[in-house]
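What follows is the content of start25.csv, which has CSV, C-alpha atoms:
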```
chain,number,residue,atom,x,y,z
A,1,MET,CA,214.4,-38.4,79.1
A,2,HIS,CA,211.5,-36.7,80.8
A,3,LYS,CA,210.5,-34.8,77.7
A,4,TRP,CA,210.6,-37.7,75.2
A,5,LEU,CA,209.1,-40.3,77.5
A,6,GLY,CA,206.3,-37.8,78.2
A,7,ILE,CA,205.7,-37.2,74.5
A,8,THR,CA,205.7,-41.0,73.8
A,9,SER,CA,203.2,-41.9,76.6
A,10,GLY,CA,201.3,-38.7,77.1
A,11,ILE,CA,198.1,-39.6,75.2
A,12,VAL,CA,197.8,-42.9,76.9
A,13,VAL,CA,198.5,-41.4,80.4
A,14,PHE,CA,195.8,-38.7,79.7
A,15,ILE,CA,193.2,-41.4,78.8
A,16,ILE,CA,193.8,-43.7,81.7
A,17,SER,CA,194.0,-40.8,84.2
A,18,LEU,CA,190.7,-39.3,83.0
A,19,THR,CA,188.9,-42.6,82.9
A,20,GLY,CA,190.4,-43.4,86.3
A,21,ALA,CA,189.0,-40.2,87.8
A,22,VAL,CA,185.5,-41.1,86.5
A,23,TYR,CA,185.7,-44.7,87.6
A,24,VAL,CA,186.5,-43.8,91.2
A,25,PHE,CA,182.8,-43.1,91.9
A,26,HIS,CA,181.3,-45.8,89.6
A,27,ASP,CA,179.6,-47.6,92.5
A,28,GLU,CA,177.9,-44.5,93.8
A,29,LEU,CA,177.0,-43.2,90.4
A,30,LYS,CA,175.5,-46.5,89.2
A,31,LEU,CA,173.0,-46.4,92.1
A,32,GLN,CA,172.1,-42.9,91.3
A,33,LEU,CA,171.8,-43.3,87.5
A,34,TYR,CA,170.2,-46.7,87.5
A,35,PRO,CA,168.1,-46.9,90.7
A,36,GLU,CA,165.4,-49.0,89.0
A,37,LYS,CA,168.0,-51.8,88.4
A,38,TYR,CA,169.6,-51.9,91.8
A,39,PHE,CA,166.7,-51.1,94.2
A,40,LEU,CA,163.4,-52.9,94.9
A,41,THR,CA,160.2,-51.0,95.5
A,42,SER,CA,158.9,-53.8,97.8
A,43,SER,CA,159.6,-57.4,98.7
A,44,SER,CA,156.8,-59.9,98.6
A,45,ALA,CA,158.4,-62.7,100.6
A,46,ALA,CA,160.3,-63.1,103.8
A,47,ASP,CA,163.2,-65.0,102.3
A,48,PRO,CA,164.8,-65.0,98.8
A,49,LYS,CA,164.1,-67.9,96.5
A,50,PRO,CA,166.7,-70.7,96.2
A,51,LEU,CA,169.7,-69.5,94.2
A,52,THR,CA,169.5,-72.4,91.7
A,53,GLU,CA,165.9,-71.4,90.9
A,54,LEU,CA,166.9,-67.8,90.4
A,55,VAL,CA,169.8,-68.8,88.1
A,56,GLN,CA,167.3,-70.7,85.9
A,57,ILE,CA,165.1,-67.6,85.7
A,58,ALA,CA,168.0,-65.4,84.8
A,59,GLN,CA,169.3,-68.0,82.3
A,60,ALA,CA,165.9,-68.1,80.6
A,61,ALA,CA,166.0,-64.4,80.0
A,62,LEU,CA,169.1,-64.7,77.9
A,63,GLN,CA,170.0,-66.3,74.6
A,64,PRO,CA,170.7,-70.0,74.6
A,65,ASP,CA,174.4,-69.5,74.0
A,66,GLU,CA,174.8,-66.9,76.8
A,67,LYS,CA,175.7,-68.6,80.1
A,68,ILE,CA,175.4,-67.2,83.6
A,69,THR,CA,178.9,-67.4,85.2
A,70,ARG,CA,178.7,-65.2,88.3
A,71,VAL,CA,176.1,-63.9,90.8
A,72,ASP,CA,176.5,-60.7,92.9
A,73,LEU,CA,173.9,-60.6,95.7
A,74,TYR,CA,173.0,-58.3,98.6
A,75,PRO,CA,171.6,-59.4,101.9
A,76,GLN,CA,169.7,-56.0,102.2
A,77,ARG,CA,166.0,-56.5,101.4
A,78,ASP,CA,165.8,-53.5,99.2
A,79,ARG,CA,168.4,-54.6,96.7
A,80,SER,CA,168.2,-56.7,93.5
A,81,TRP,CA,170.6,-59.5,92.7
A,82,VAL,CA,172.8,-59.3,89.7
A,83,PHE,CA,173.4,-62.4,87.4
A,84,ARG,CA,176.3,-62.0,85.0
A,85,ALA,CA,176.9,-63.8,81.7
A,86,SER,CA,180.1,-63.1,79.9
A,87,GLU,CA,182.5,-64.7,77.4
A,88,THR,CA,185.7,-63.2,76.0
A,89,ASN,CA,188.0,-63.8,73.2
A,90,GLU,CA,191.5,-63.0,74.5
A,91,ARG,CA,193.1,-62.7,71.1
A,92,ALA,CA,190.5,-60.4,69.5
A,93,PHE,CA,191.2,-56.9,68.5
A,94,GLY,CA,188.9,-54.2,69.9
A,95,HIS,CA,186.5,-54.1,72.8
A,96,TRP,CA,183.4,-55.3,70.9
A,97,ALA,CA,185.3,-58.3,69.5
A,98,TYR,CA,187.0,-59.0,72.8
A,99,PHE,CA,183.6,-59.5,74.6
A,100,THR,CA,181.7,-62.2,72.7
A,101,TYR,CA,178.8,-61.2,75.0
A,102,TYR,CA,178.5,-59.5,78.4
A,103,LYS,CA,175.0,-59.3,80.0
A,104,ARG,CA,173.7,-58.5,83.4
A,105,VAL,CA,170.3,-59.8,84.5
A,106,PHE,CA,168.8,-57.9,87.5
A,107,LEU,CA,166.3,-60.0,89.5
A,108,ASP,CA,164.0,-59.5,92.4
A,109,PRO,CA,165.2,-62.5,94.5
A,110,TYR,CA,162.0,-62.6,96.5
A,111,ALA,CA,159.5,-62.5,93.7
A,112,GLY,CA,161.7,-64.3,91.2
A,113,GLU,CA,161.0,-61.6,88.6
A,114,VAL,CA,163.4,-60.1,86.0
A,115,ILE,CA,163.8,-56.4,86.6
A,116,ALA,CA,166.2,-55.5,83.8
A,117,ILE,CA,168.6,-57.0,81.3
A,118,GLU,CA,171.7,-54.9,80.6
A,119,ASN,CA,174.0,-55.2,77.7
A,120,SER,CA,177.1,-54.5,79.8
A,121,LYS,CA,179.4,-54.5,76.8
A,122,ASN,CA,177.9,-51.0,75.9
A,123,GLU,CA,177.3,-49.7,79.4
A,124,PHE,CA,179.0,-46.4,80.1
A,125,PHE,CA,181.0,-47.4,83.2
A,126,GLN,CA,182.1,-50.7,81.6
A,127,LEU,CA,183.3,-48.8,78.6
A,128,CYS,CA,185.1,-46.4,80.9
A,129,LEU,CA,186.8,-49.4,82.7
A,130,GLN,CA,187.8,-51.1,79.5
A,131,LEU,CA,189.2,-47.8,78.1
A,132,HIS,CA,191.1,-47.5,81.4
A,133,MET,CA,192.5,-51.0,81.2
A,134,ASN,CA,193.1,-51.6,77.5
A,135,LEU,CA,192.1,-48.5,75.5
A,136,LEU,CA,189.1,-50.4,74.1
A,137,LEU,CA,191.6,-52.4,72.0
A,138,GLY,CA,191.1,-55.8,73.6
A,139,LYS,CA,193.4,-57.4,76.2
A,140,THR,CA,196.1,-58.7,73.9
A,141,TYR,CA,196.6,-55.4,72.1
A,142,GLY,CA,195.5,-52.7,74.6
A,143,HIS,CA,196.7,-54.1,77.9
A,144,PRO,CA,200.4,-54.0,77.1
A,145,LEU,CA,200.1,-50.4,75.9
A,146,VAL,CA,198.5,-49.4,79.2
A,147,ALA,CA,200.9,-51.4,81.2
A,148,TYR,CA,204.1,-49.9,79.7
A,149,ALA,CA,202.6,-46.4,79.7
A,150,THR,CA,202.0,-46.8,83.4
A,151,LEU,CA,205.6,-47.9,83.9
A,152,ILE,CA,206.8,-44.9,81.9
A,153,PHE,CA,204.6,-42.7,84.0
A,154,VAL,CA,206.3,-43.9,87.2
A,155,ILE,CA,209.6,-42.9,85.6
A,156,LEU,CA,208.1,-39.5,84.6
A,157,LEU,CA,207.0,-38.9,88.2
A,158,VAL,CA,210.4,-39.6,89.7
A,159,SER,CA,212.3,-37.6,87.0
A,160,GLY,CA,209.7,-34.8,87.3
A,161,ILE,CA,210.5,-34.4,91.0
A,162,VAL,CA,214.2,-34.2,90.2
A,163,LEU,CA,213.5,-31.5,87.6
A,164,TRP,CA,211.2,-29.7,90.0
A,165,TRP,CA,213.6,-29.7,93.0
A,166,PRO,CA,214.4,-26.1,93.9
A,167,LYS,CA,218.0,-25.0,93.9
A,168,LYS,CA,217.4,-23.0,97.0
A,169,TRP,CA,214.8,-23.9,99.6
A,170,LYS,CA,214.0,-20.4,100.5
A,171,GLY,CA,212.8,-17.1,99.0
A,172,LYS,CA,211.3,-16.7,95.5
A,173,ALA,CA,212.7,-19.9,94.2
A,174,LEU,CA,210.8,-22.0,96.7
A,175,LYS,CA,207.7,-19.9,96.4
A,176,LYS,CA,207.6,-20.4,92.6
A,177,SER,CA,207.9,-24.1,93.1
A,178,LEU,CA,205.0,-24.3,95.5
A,179,GLN,CA,202.5,-21.6,94.5
A,180,LEU,CA,200.9,-20.3,91.3
A,181,ASP,CA,201.0,-16.7,90.2
A,182,PHE,CA,198.0,-16.0,87.9
A,183,LYS,CA,199.4,-12.6,87.0
A,184,VAL,CA,202.2,-13.9,84.8
A,185,LYS,CA,201.8,-14.6,81.1
A,186,TRP,CA,200.0,-17.7,80.0
A,187,LYS,CA,203.2,-19.4,78.8
A,188,ARG,CA,204.8,-19.0,82.3
A,189,LEU,CA,201.5,-20.0,84.0
A,190,ASN,CA,201.4,-23.2,81.9
A,191,TYR,CA,205.0,-24.0,83.0
A,192,ASP,CA,204.2,-23.3,86.6
A,193,LEU,CA,201.0,-25.4,86.4
A,194,HIS,CA,203.0,-28.4,85.1
A,195,ASN,CA,205.5,-28.1,87.9
A,196,VAL,CA,203.3,-27.2,90.9
A,197,ILE,CA,200.5,-29.7,90.0
A,198,GLY,CA,203.1,-32.3,89.4
A,199,PHE,CA,204.6,-31.7,92.9
A,200,TYR,CA,201.3,-31.7,94.8
A,201,SER,CA,200.0,-34.8,93.0
A,202,PHE,CA,203.3,-36.7,93.2
A,203,GLY,CA,202.7,-38.9,96.3
A,204,ILE,CA,199.1,-40.1,95.4
A,205,ALA,CA,199.9,-40.3,91.7
A,206,LEU,CA,202.9,-42.6,92.5
A,207,ILE,CA,200.6,-44.8,94.7
A,208,LEU,CA,198.0,-45.0,91.9
A,209,ALA,CA,200.6,-45.8,89.3
A,210,VAL,CA,202.4,-48.5,91.4
A,211,THR,CA,199.1,-50.2,92.2
A,212,GLY,CA,198.3,-50.0,88.5
A,213,LEU,CA,201.6,-51.9,87.9
A,214,VAL,CA,200.3,-54.7,90.2
A,215,PHE,CA,197.4,-55.2,87.8
A,216,SER,CA,199.6,-54.9,84.7
A,217,PHE,CA,202.6,-57.1,85.6
A,218,PRO,CA,201.9,-60.5,87.4
A,219,ASN,CA,205.7,-61.0,88.1
A,220,PHE,CA,205.9,-57.6,89.8
A,221,LYS,CA,202.9,-58.5,91.9
A,222,LYS,CA,204.4,-61.9,92.9
A,223,ALA,CA,207.7,-60.3,93.7
A,224,TYR,CA,206.3,-57.8,96.2
A,225,VAL,CA,203.9,-60.2,97.7
A,226,ASP,CA,206.7,-62.7,98.3
A,227,THR,CA,208.9,-59.9,99.7
A,228,PHE,CA,206.4,-58.6,102.2
A,229,ASN,CA,205.4,-62.2,103.2
A,230,SER,CA,209.0,-63.0,104.0
A,231,VAL,CA,209.8,-59.7,105.8
A,232,PHE,CA,206.5,-59.8,107.8
A,233,PRO,CA,205.7,-63.5,108.3
A,234,THR,CA,202.5,-64.4,110.2
A,235,ALA,CA,201.3,-67.7,111.5
A,236,TYR,CA,198.0,-68.1,109.6
A,237,THR,CA,196.7,-71.5,108.5
A,238,LEU,CA,193.9,-71.5,106.0
A,239,LYS,CA,192.6,-74.9,107.1
A,240,THR,CA,192.0,-75.7,110.7
A,241,PRO,CA,190.6,-78.9,112.2
A,242,GLN,CA,187.5,-77.1,113.5
A,243,GLN,CA,186.8,-75.6,110.1
A,244,SER,CA,187.4,-78.9,108.3
A,245,LYS,CA,185.0,-80.8,110.5
A,246,SER,CA,182.2,-78.2,110.5
A,247,THR,CA,179.2,-78.9,108.4
A,248,ILE,CA,176.0,-76.9,107.6
A,249,THR,CA,172.4,-77.8,107.9
A,250,ALA,CA,170.7,-78.9,104.6
A,251,HIS,CA,167.4,-77.3,103.9
A,252,TYR,CA,167.4,-77.7,100.1
A,253,SER,CA,168.3,-80.4,97.7
A,254,ASP,CA,171.1,-78.5,96.0
A,255,PRO,CA,174.4,-77.9,97.9
A,256,LEU,CA,174.8,-74.4,96.4
A,257,ASP,CA,171.4,-73.3,97.9
A,258,ASN,CA,172.4,-74.7,101.3
A,259,ALA,CA,175.8,-73.0,101.3
A,260,LEU,CA,174.3,-69.6,100.4
A,261,ALA,CA,171.5,-70.0,103.0
A,262,HIS,CA,174.1,-70.7,105.7
A,263,LEU,CA,176.0,-67.6,104.9
A,264,LEU,CA,173.0,-65.3,104.6
A,265,LEU,CA,171.9,-66.5,108.0
A,266,HIS,CA,175.3,-65.8,109.6
A,267,TYR,CA,176.2,-62.6,107.7
A,268,PRO,CA,173.0,-60.7,107.4
A,269,ASP,CA,174.8,-57.3,107.6
A,270,ALA,CA,177.4,-58.1,104.9
A,271,GLY,CA,177.8,-55.6,102.1
A,272,MET,CA,177.5,-58.2,99.3
A,273,MET,CA,178.3,-61.7,98.3
A,274,SER,CA,179.8,-63.0,95.1
A,275,ILE,CA,179.6,-66.5,93.6
A,276,ARG,CA,181.4,-67.9,90.6
A,277,LEU,CA,179.3,-70.7,89.1
A,278,HIS,CA,181.5,-73.6,88.3
A,279,ALA,CA,180.8,-76.8,86.3
A,280,HIS,CA,178.3,-79.2,87.8
A,281,ASP,CA,180.9,-81.8,88.4
A,282,ASN,CA,183.2,-79.4,90.4
A,283,PRO,CA,183.5,-80.9,93.9
A,284,SER,CA,183.5,-77.5,95.7
A,285,ILE,CA,181.6,-74.3,96.1
A,286,ASP,CA,183.3,-71.0,96.8
A,287,ILE,CA,181.5,-67.8,98.0
A,288,GLN,CA,183.1,-64.5,98.7
A,289,ILE,CA,181.6,-62.3,101.4
A,290,ARG,CA,182.4,-58.6,101.2
A,291,MET,CA,181.9,-57.2,104.6
A,292,GLN,CA,181.6,-53.7,103.0
A,293,GLU,CA,179.9,-53.4,99.6
A,294,LYS,CA,182.4,-51.0,98.2
A,295,ARG,CA,185.5,-52.6,99.7
A,296,SER,CA,186.8,-55.6,97.8
A,297,GLY,CA,189.7,-56.0,100.1
A,298,VAL,CA,187.7,-56.7,103.3
A,299,PHE,CA,186.3,-60.2,102.9
A,300,LYS,CA,185.8,-63.7,104.0
A,301,TRP,CA,186.0,-66.5,101.4
A,302,TYR,CA,184.2,-69.7,102.2
A,303,TYR,CA,185.0,-73.0,100.4
A,304,PHE,CA,182.4,-75.8,100.8
A,305,ARG,CA,182.5,-79.5,99.9
A,306,LYS,CA,179.5,-80.4,97.8
A,307,LYS,CA,179.4,-84.1,98.9
A,308,ASP,CA,178.8,-83.5,102.6
A,309,LEU,CA,178.3,-79.7,102.9
A,310,GLY,CA,181.5,-79.5,104.9
A,311,ILE,CA,183.5,-76.3,105.1
A,312,ASP,CA,187.0,-77.0,103.7
A,313,LYS,CA,188.5,-73.6,104.6
A,314,ILE,CA,187.8,-70.0,105.2
A,315,ILE,CA,190.1,-67.2,104.0
A,316,ASP,CA,189.8,-64.1,106.2
A,317,SER,CA,191.3,-60.9,104.8
A,318,ASP,CA,192.1,-59.8,108.4
A,319,LYS,CA,194.4,-62.8,108.8
A,320,LEU,CA,196.4,-62.8,105.6
A,321,GLN,CA,200.1,-62.4,105.6
A,322,ALA,CA,201.4,-58.9,104.9
A,323,GLY,CA,202.1,-59.4,101.2
A,324,ASP,CA,198.8,-61.1,100.5
A,325,LYS,CA,197.0,-58.5,102.5
A,326,LEU,CA,198.5,-55.7,100.4
A,327,ALA,CA,197.6,-57.6,97.2
A,328,SER,CA,194.0,-58.0,98.5
A,329,LEU,CA,193.8,-54.2,99.2
A,330,ASN,CA,195.3,-53.2,95.8
A,331,PHE,CA,192.0,-52.5,94.1
A,332,ASP,CA,190.8,-50.5,97.1
A,333,VAL,CA,194.0,-48.4,97.2
A,334,HIS,CA,194.0,-48.0,93.4
A,335,THR,CA,190.4,-46.7,93.3
A,336,GLY,CA,190.6,-44.7,96.5
A,337,SER,CA,188.0,-46.7,98.4
A,338,ILE,CA,190.5,-47.7,101.1
A,339,ALA,CA,189.0,-45.2,103.6
A,340,GLY,CA,185.8,-44.0,102.1
A,341,TRP,CA,184.8,-40.7,100.6
A,342,GLY,CA,188.0,-38.8,101.7
A,343,THR,CA,190.4,-41.1,99.9
A,344,LYS,CA,188.1,-41.4,96.9
A,345,MET,CA,188.1,-37.6,96.5
A,346,LEU,CA,191.9,-37.6,96.8
A,347,ALA,CA,192.2,-40.4,94.1
A,348,CYS,CA,189.8,-38.6,91.8
A,349,LEU,CA,191.6,-35.2,92.2
A,350,ALA,CA,195.0,-36.8,91.8
A,351,SER,CA,193.8,-38.6,88.6
A,352,LEU,CA,192.5,-35.3,87.2
A,353,PHE,CA,195.9,-33.7,88.0
A,354,CYS,CA,197.7,-36.5,86.3
A,355,ALA,CA,195.5,-36.0,83.2
A,356,SER,CA,196.5,-32.4,83.1
A,357,LEU,CA,200.2,-33.1,83.2
A,358,PRO,CA,200.4,-34.5,79.6
A,359,VAL,CA,198.4,-31.5,78.4
A,360,THR,CA,200.6,-28.9,80.0
A,361,GLY,CA,203.7,-30.9,79.0
A,362,TYR,CA,202.7,-31.0,75.4
A,363,ILE,CA,202.0,-27.2,75.4
A,364,LEU,CA,205.5,-26.7,76.9
A,365,TRP,CA,207.1,-28.9,74.2
A,366,TRP,CA,205.1,-27.3,71.4
A,367,HIS,CA,206.1,-23.8,72.5
A,368,LYS,CA,209.8,-24.7,72.8
A,369,SER,CA,209.7,-26.4,69.4
A,370,ARG,CA,208.3,-23.3,67.8
A,371,LYS,CA,210.8,-21.1,69.6
A,372,SER,CA,213.7,-23.4,68.5
A,373,LYS,CA,212.5,-23.5,64.8
A,374,LYS,CA,212.2,-19.7,64.8
A,375,ARG,CA,215.7,-19.3,66.3
A,376,ASN,CA,217.1,-21.8,63.6
A,377,ARG,CA,215.4,-19.8,60.8
A,378,ASN,CA,217.0,-16.5,62.2
A,379,VAL,CA,220.4,-18.2,62.4
A,380,SER,CA,220.0,-19.5,58.8
A,381,ALA,CA,219.0,-16.1,57.5
A,382,ILE,CA,222.0,-14.4,59.2
A,383,THR,CA,224.3,-17.1,57.8
A,384,GLN,CA,223.0,-16.7,54.3
A,385,ALA,CA,223.3,-12.9,54.5
```

Structure translated into structure tokens:
Amino acid sequence: MHKWLGITSGIVVFIISLTGAVYVFHDELKLQLYPEKYFLTSSSAADPKPLTELVQIAQAALQPDEKITRVDLYPQRDRSWVFRASETNERAFGHWAYFTYYKRVFLDPYAGEVIAIENSKNEFFQLCLQLHMNLLLGKTYGHPLVAYATLIFVILLVSGIVLWWPKKWKGKALKKSLQLDFKVKWKRLNYDLHNVIGFYSFGIALILAVTGLVFSFPNFKKAYVDTFNSVFPTAYTLKTPQQSKSTITAHYSDPLDNALAHLLLHYPDAGMMSIRLHAHDNPSIDIQIRMQEKRSGVFKWYYFRKKDLGIDKIIDSDKLQAGDKLASLNFDVHTGSIAGWGTKMLACLASLFCASLPVTGYILWWHKSRKSKKRNRNVSAITQA
């Protein structure tokens, strides 16, 4: 089972493991590789321009049929704001057909000037992410392949530990299971690499794979969220009378500008804020505040009423039920950002180890196949003689 499941899924596991190792540090690498997009040299005004005005500026920089749908902004005065425009075709085959368009417009929010326009459909880290998620085949075709390859990989990890398990937990048998001897022949070294690396990466690799299943299978996510919520119930109400009655001060004519100004005033040290731009007739505004820029699971989510600038509810990640809390932290755990550089390094190394397992496994299978064919030829020659 371990052999044939590994042969079946090995290429996909190799691709998603390698791209996962690269994507772990995508936030840090983007800032280093594209500093001119993400950092401002100077700010000419004390406050950013109203968001609705900035959206119009970003929209004017795009084609008429390309619509801004999301804004990622940073309270820090040295950072640009990012306006995203994207449209996808869920049934299309291939990455370039799946994205009808995907643009990012980088603006200086204080001067109201366009810094850069990025065709994100061809940007390296976006290609890396799409390769990781759907093999650049589009969601309909690539996503199931990645999902089931990840499920198979979980089975491979568990069956691999069973195969690795030493018969005796002492002496040479245990030493060979835990250490590499570089003096042996390359065939034996490849075998030991497969076993030893598989053992040392097992725990983190299993976590990465299971969190990957959460993205891949909605029913699996719902099952474990419901389970943890029922086992560890908490008394948390999303809507309280105080929050329902609270309103914000209006400084602008547009409710969106007032909602954002309120949050920028109260959360000046937030890592970033993210806004999905809904239709004009939508009665509410929702803005997510990431308390740490590189942690998507530590947030406050505000919901405002357009008609009277009232706050309907506030979702605080610190007050979620156990299952919902785990779900909100899934991306942070999957990418290793849960506890900073240390866990990112572990996730990156574990992903590289996972990428090596199909390679060493294929070499093992190829060598045994050649050996088996040679033995069968010898038996056939003896029989004929």

Please check which residues have atoms at most 12 Å from (169.2, -76.5, 95.9) in the file's coordinates, counting all atoms listed in the file, and write them as number ranges by chain.
A: 49-56, 250-261, 306, 309

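Between Lys313 of chain A and the candidates A:Thr335, A:Gln292, A:Ile287, A:Glu28, the tightest atom-to-atom separation, counting all atoms listed in the file, involves A:Ile287.
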
Leaving out Arg276 of chain A and any residue of its chain fewer than 6 positions from it, which residues lie within 12 Å of it when counting all atoms listed in the file, given as a ChimeraX atom specification?
/A:55,67-73,83-86,256,282,284-288,301,303

Can you tell me, as a VMD selection string, what residues are no more than 9 Å from Ala149 of chain A when counting all atoms listed in the file, ignoring any on the same chain fewer than 5 positions away?
chain A and resid 8 to 10 12 to 13 144 154

Considering all atoms listed in the file, state which residue in the set A:Ala61, A:Cys348, A:Ala147, A:Ile155 is at the smallest distance from Lys3 of chain A.
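Looking at the shortest contact to Lys3 of chain A, the residue is A:Ile155.
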
Looking at A:Ile363, A:Ser372, A:Asn229, A:Leu136, which one is nearest to Thr19 of chain A, with distances taken over all atoms listed in the file?
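Smallest distance to Thr19 of chain A is found for A:Leu136.
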
Proximity to Pro233 of chain A - best of A:Thr211, A:Gln321, A:Asn89, A:Ser80, all atoms listed in the file
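The closest residue to Pro233 of chain A is A:Gln321.
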
Please return as a CSV table (one decimal) with C-alpha atoms, in the frame of the given file every residue within 9 Å of (210.1, -39.9, 79.2), taking into account only C-alpha atoms and the file's own coordinates.
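Saved result, out.csv, follows:
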```csv
chain,number,residue,atom,x,y,z
A,1,MET,CA,214.4,-38.4,79.1
A,2,HIS,CA,211.5,-36.7,80.8
A,3,LYS,CA,210.5,-34.8,77.7
A,4,TRP,CA,210.6,-37.7,75.2
A,5,LEU,CA,209.1,-40.3,77.5
A,6,GLY,CA,206.3,-37.8,78.2
A,7,ILE,CA,205.7,-37.2,74.5
A,8,THR,CA,205.7,-41.0,73.8
A,9,SER,CA,203.2,-41.9,76.6
A,152,ILE,CA,206.8,-44.9,81.9
A,153,PHE,CA,204.6,-42.7,84.0
A,155,ILE,CA,209.6,-42.9,85.6
A,156,LEU,CA,208.1,-39.5,84.6
A,159,SER,CA,212.3,-37.6,87.0
```

Just want the 8 Å neighbourhood of Ile115 of chain A, counted on only C-alpha atoms, with same-chain residues fewer than 6 positions away dropped. Output as a list in words.
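Answer for this query is Glu36, Lys37, Val105, Phe106, Leu107 and Asp108 of chain A.
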
Spatial neighbours of Leu137 of chain A, 6 Å, only C-alpha atoms, chain gap at least 2 places, as an MDAnalysis selection string:
chainID A and resid 93:95 134:135 141:142

Residues from last step as file, C-alpha atoms, as a short mmCIF file (atom, residue, chain, number, x, y, z; two decimals), keeping the file's coordinate frame:
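Final output, saved to out-v6.cif:
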```cif
data_model
loop_
_atom_site.label_atom_id
_atom_site.label_comp_id
_atom_site.auth_asym_id
_atom_site.auth_seq_id
_atom_site.Cartn_x
_atom_site.Cartn_y
_atom_site.Cartn_z
CA PHE A 93 191.20 -56.90 68.50
CA GLY A 94 188.90 -54.20 69.90
CA HIS A 95 186.50 -54.10 72.80
CA ASN A 134 193.10 -51.60 77.50
CA LEU A 135 192.10 -48.50 75.50
CA TYR A 141 196.60 -55.40 72.10
CA GLY A 142 195.50 -52.70 74.60
#
```

Contacts of Ser17 of chain A within 9 Å, only C-alpha atoms, excl. fewer than 4 positions in-chain, as number ranges by chain
A: 12-13, 21-22, 132, 348, 350-356

Which distance in Å separates atom CA of Ile197 of chain A and atom CA of Thr343 of chain A, to one decimal?
18.2 Å

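Picture a line from atom CA of Val114 of chain A to atom CA of Ala58 of chain A; it runs 7.1 Å.
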
Using all atoms listed in the file, can you tell me which of A:Arg77, A:Trp165, A:Leu127, A:Lys30 comes closest to Trp96 of chain A?
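Using all atoms listed in the file, the shortest distance to Trp96 of chain A belongs to A:Leu127.
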
Hey, which of A:Tyr74, A:Val184, A:Leu189, A:Gly361 ends up closest to Asp269 of chain A? Count all atoms listed in the file.
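Result for the nearest residue to Asp269 of chain A: A:Tyr74.
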
Atom-to-atom span, atom CA of Ile16 of chain A and atom CA of Gln32 of chain A, Å:
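Between atom CA of Ile16 of chain A and atom CA of Gln32 of chain A the gap works out to 23.7 Å.
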
With the input short on atoms, add N, CA and C atoms back to segment 149-160 of chain A and write it as a compact mmCIF listing (two decimals), in the coordinates of the input.
```
# COMPACT_ATOMS: atom_id res chain seq x y z
N ALA A 149 202.80 -47.82 79.47
CA ALA A 149 202.60 -46.40 79.70
C ALA A 149 202.56 -46.07 81.17
N THR A 150 201.99 -46.97 81.97
CA THR A 150 202.00 -46.80 83.40
C THR A 150 203.39 -46.85 83.99
N LEU A 151 204.18 -47.80 83.49
CA LEU A 151 205.60 -47.90 83.90
C LEU A 151 206.36 -46.65 83.57
N ILE A 152 206.15 -46.15 82.36
CA ILE A 152 206.80 -44.90 81.90
C ILE A 152 206.36 -43.75 82.82
N PHE A 153 205.08 -43.75 83.20
CA PHE A 153 204.60 -42.70 84.00
C PHE A 153 205.24 -42.66 85.40
N VAL A 154 205.56 -43.82 85.95
CA VAL A 154 206.30 -43.90 87.20
C VAL A 154 207.67 -43.21 87.04
N ILE A 155 208.34 -43.50 85.91
CA ILE A 155 209.60 -42.90 85.60
C ILE A 155 209.47 -41.36 85.47
N LEU A 156 208.39 -40.94 84.81
CA LEU A 156 208.10 -39.50 84.60
C LEU A 156 207.90 -38.81 85.96
N LEU A 157 207.20 -39.46 86.88
CA LEU A 157 207.00 -38.90 88.20
C LEU A 157 208.28 -38.65 88.94
N VAL A 158 209.12 -39.66 88.93
CA VAL A 158 210.40 -39.60 89.70
C VAL A 158 211.31 -38.53 88.99
N SER A 159 211.43 -38.59 87.67
CA SER A 159 212.30 -37.60 87.00
C SER A 159 211.69 -36.21 87.08
N GLY A 160 210.35 -36.11 87.14
CA GLY A 160 209.70 -34.80 87.30
C GLY A 160 210.05 -34.16 88.62
```
